[in-house]
Amino acid sequence: MTDEHHSTEDELIAQRRDHLQRLRDGGIAYPNDFSPDSLAAELHHQFDNSDKDELLAKQLRVKLAGRMMSRRIMGKASFADLQDRSGRIQLFVKKDELSEQGYDTFKEFDLGDIIAAEGYLFITKTGELSIHVESLRLLTKSLRPLPEKFHGLTDQETRYRQRYLDLLTNEDTRRVFMIRTRVINFIRAFLNQHGFTEVETPMMHPVPGGATARPFKTHHNALDMELFLRIAPELYLKRLLVGGMDRVFEINRSFRNEGLSTRHNPEFTMLEFYQAYANYHHLMDLTETMLRSLVMELFNSTTLSSQGETYELSRPFRRMTVVESILQFNPGVTEAELRELNSARALAEKLKIHVEPKYGLGKVQIEIFEKTVESRLIQPTFITAYPTEVSPLARCNDVDPSVTDRFEFFIGGREIANGFSELNDPDDQAARFHKQADEKAAGDQEAMHYDADYITALEYGMPPAAGEGIGIDRLVMLLTDSPTIRDVILFPHMRLKE
RNA sequence: GGGCCGUUAGCUCAGCCGGUAGAGCAUCUGACUUUUAAUCAGGUGGUCGCGUGUUCGAACCACGCACGGCCCA
């Protein structure tokens with residue numbers, strides 16, 4: 001025993017290092033020769049409701065490994081909780097049934113140590129499935145004290161900076177990331193079932209494209225060329241349509257060099273999928289089916305609760321145009337007023353919405369839409385007919401070419417998806433790129449570059465198609481009831497500390 | 001970029017009108033062979049985010065900075 005009487009962090013670590021030194025002295029301190037044969041949660045699932053005597057009579061022997069998260073020593077017997085990747089199970093350790101040295105060694109374990117336990121299953125007199133331990137080993141010493149057992153780790157900053165501590169101590173955090181994985185697995189399986197092929201396209205682009213956003217820049221030394229981290233995979237996926245891959249999708253990171261917020265992380269995960277011989281109506285239908293069955297798969301229900309709202313996904317999702325939605329949420333505004341540049345501009349000013357002199361009608365309408373409608377689209381809603389001016393990659397509507405065959409999907413006041421019938425007319429696309437390039441020259445840093453290589457691809461012929469992007473992080477926020485994007489990204493970006 | 005809030009023991013948090021710091025858990029010592037936020041008794045543990053200022057005296061007041069949170073653009 002040590003005769004330390006201090007407990008600053010350094011002293012707590014020193015005590016644990018003493019224990020580690022004794023392990024080193026005794027042989028291999030970091031063994032790797034133990035194979036568990038059971039998981040805590042599976043044992044609970046299988047045996048929680050067993051008959052006490054029958055279970056004991058079976059003498060079911062199990063081997064588990066995990067962290068010792070808490071311990072209750074009562075003289076010559078003790079309980080401890082072992083946490084593995086599935087959950088927790090209680091260990092019962094009796095001095096009688098371990099060698100003398102074994103029990104003393106157990107008492108020298110520290111909370112957070114990674115241990116191996118072997119023994120037989122039984123049910124305590126309070127009715128809890130536990131392991132009657134016959135042999136116990138320390139696999140990895142934990143040198144630093146874990147956060148407190150009851151409250152866990154609540155400090156937001158530490159939860160993000162040291163996510164491993166958050167995962168170790170907060171079950172809800174583990175739940176969120178398990179759901180995230182299930183969401184992605186489901187979507188992948190769903191698209192595979194619908195004949196889509198998963199592909200990987202470049203993360204480093206010579207010309208950043210596919211979205212209006214500022215990119216991160218990097219440099220390739222051997223080629224001595226400037227490259228951009230992609231802001232979207234769109235233009236490469238559409239090149240694959242030209243190449244005859246009629247249904248493709250990609251789930252991966254995109255990067256945007258913009259501010260951080262509860263909805264923005266500089267790197268984020270997008271699903272993009274493209275289907276030839278389909279239009280935006282088909283994709284709205286597909287999206288609706290996919291989201292409904294996703295929620296059903298996760299929660300066995302079509303009702304979803306998140307951030308104080310309840311969403312009903314069993315009914316057909318609402319569909320309305322940008323202009324219709326503005327009219328609905330701004331009583332008193334007339335359609336004629338919205339359809340003419342000067343009156344729309346005057347309306348924006350009346351609503352205290354900033355519009356630049358260079359904005360056209362479409363851009364003014366979208367500003368009004370974003371400020372007065374978006375946050376109020378609570379129940380699942382598709383908004384359609386986005387102005388051509390703000391949709392440089394979307395196909396124009398046949399009847400009204402001032403708008404495109406495009407939709408965005410909103411739920412909980414947040415945009416989750418954006419899709420459209422693809423613009424496959426190379427001349428129209430070239431003209432739209434020129435317009436974007438002019439805006440960039442005029443100082444709009446988010447405007448698109450002219451992508452000549454992409455135009456060349458379109459000139460070979462891209463089949464009529466529709467494509468869509470879904471923000472996976474925002475979708476997972478919704479599905480896990482998380483208020484910020486940082487709660488659904490394992491290692492969110494933080495400023496350097498010190 | 002602007003506004004508001006926060007930063008105190010390893011963790012979770014108190015700390016009044018400015019008088020030099022407290023609890024619970026963890027840790028240490030002792031008791032305890034079915035506990036489960038175990039219990040009981042007794043201890044240890046602090047550069048109060050950093051810096052400057054005001055003051056006889058600052059965790060507390062003022063200013064600046066850092067990091068975080070929320071809201072707004």
# chains A, B, ... in the order shown; residues from 1 in each chain; ligands from 1
>>> closest_atom_pairs(of="chain B", to="chain A", cutoff="7 Å", atoms="only C-alpha atoms (C1' of nucleotides)", output="JSON lines")
{"residue": "B:G10", "atom": "C1'", "partner": "A:Glu9", "partner_atom": "CA", "distance": 5.1}
{"residue": "B:C11", "atom": "C1'", "partner": "A:Glu148", "partner_atom": "CA", "distance": 4.3}
{"residue": "B:U12", "atom": "C1'", "partner": "A:His151", "partner_atom": "CA", "distance": 6.0}
{"residue": "B:C25", "atom": "C1'", "partner": "A:Glu148", "partner_atom": "CA", "distance": 6.1}
{"residue": "B:A26", "atom": "C1'", "partner": "A:Glu148", "partner_atom": "CA", "distance": 6.6}
{"residue": "B:U27", "atom": "C1'", "partner": "A:Ser7", "partner_atom": "CA", "distance": 5.9}
{"residue": "B:C28", "atom": "C1'", "partner": "A:His5", "partner_atom": "CA", "distance": 5.6}
{"residue": "B:C32", "atom": "C1'", "partner": "A:Gly75", "partner_atom": "CA", "distance": 4.9}
{"residue": "B:U33", "atom": "C1'", "partner": "A:Ala77", "partner_atom": "CA", "distance": 4.8}
{"residue": "B:U34", "atom": "C1'", "partner": "A:Thr124", "partner_atom": "CA", "distance": 5.9}
{"residue": "B:U35", "atom": "C1'", "partner": "A:Phe79", "partner_atom": "CA", "distance": 6.2}
{"residue": "B:A37", "atom": "C1'", "partner": "A:Phe150", "partner_atom": "CA", "distance": 6.0}
{"residue": "B:A38", "atom": "C1'", "partner": "A:Arg72", "partner_atom": "CA", "distance": 6.2}
{"residue": "B:U44", "atom": "C1'", "partner": "A:His5", "partner_atom": "CA", "distance": 4.4}
{"residue": "B:G45", "atom": "C1'", "partner": "A:Ser7", "partner_atom": "CA", "distance": 4.5}
{"residue": "B:C67", "atom": "C1'", "partner": "A:Lys497", "partner_atom": "CA", "distance": 6.4}
{"residue": "B:G68", "atom": "C1'", "partner": "A:Glu157", "partner_atom": "CA", "distance": 5.8}
>>> select_by_dssp(residues="stretch 22-152 of chain A", states="alpha helix (DSSP H)", output="ChimeraX atom specification")
/A:22-25,40-47,52-58,100-107
>>> write_last_selection(atoms="C-alpha atoms", output="tab-separated table (two decimals), in the first residue's frame")
chain	number	residue	atom	x	y	z
A	22	ARG	CA	3.76	-3.62	-9.60
A	23	LEU	CA	2.22	-5.15	-12.71
A	24	ARG	CA	5.39	-4.54	-14.68
A	25	ASP	CA	7.40	-6.12	-11.89
A	40	ALA	CA	-22.91	-7.99	-21.46
A	41	ALA	CA	-26.05	-6.95	-23.32
A	42	GLU	CA	-26.48	-10.32	-24.97
A	43	LEU	CA	-26.25	-12.08	-21.62
A	44	HIS	CA	-28.89	-9.76	-20.19
A	45	HIS	CA	-31.06	-10.34	-23.22
A	46	GLN	CA	-30.75	-14.10	-22.91
A	47	PHE	CA	-30.81	-14.67	-19.17
A	52	LYS	CA	-32.65	-18.26	-10.44
A	53	ASP	CA	-32.09	-21.88	-9.40
A	54	GLU	CA	-32.16	-23.29	-12.89
A	55	LEU	CA	-29.60	-20.75	-14.06
A	56	LEU	CA	-27.30	-21.54	-11.18
A	57	ALA	CA	-27.68	-25.28	-11.78
A	58	LYS	CA	-26.57	-24.83	-15.39
A	100	GLU	CA	-5.80	-14.77	-1.54
A	101	GLN	CA	-3.50	-12.97	-3.92
A	102	GLY	CA	-6.31	-12.75	-6.46
A	103	TYR	CA	-8.55	-10.82	-4.13
A	104	ASP	CA	-5.82	-8.45	-3.05
A	105	THR	CA	-4.97	-7.87	-6.66
A	106	PHE	CA	-8.61	-7.12	-7.39
A	107	LYS	CA	-8.63	-4.55	-4.61
>>> residues_around(residues="A:Ala431", least_positions_apart="4", cutoff="12 Å", atoms="only C-alpha atoms (C1' of nucleotides)", output="count of residues only")
15
>>> closest_residue(among="A:Leu304, A:Ala29, A:Ala385, A:Leu235", to="A:Val403", atoms="only C-alpha atoms")
A:Ala385
>>> atom_distance(atom1="atom CA of A:Ala211", atom2="atom CA of A:Pro380")
23.7 Å
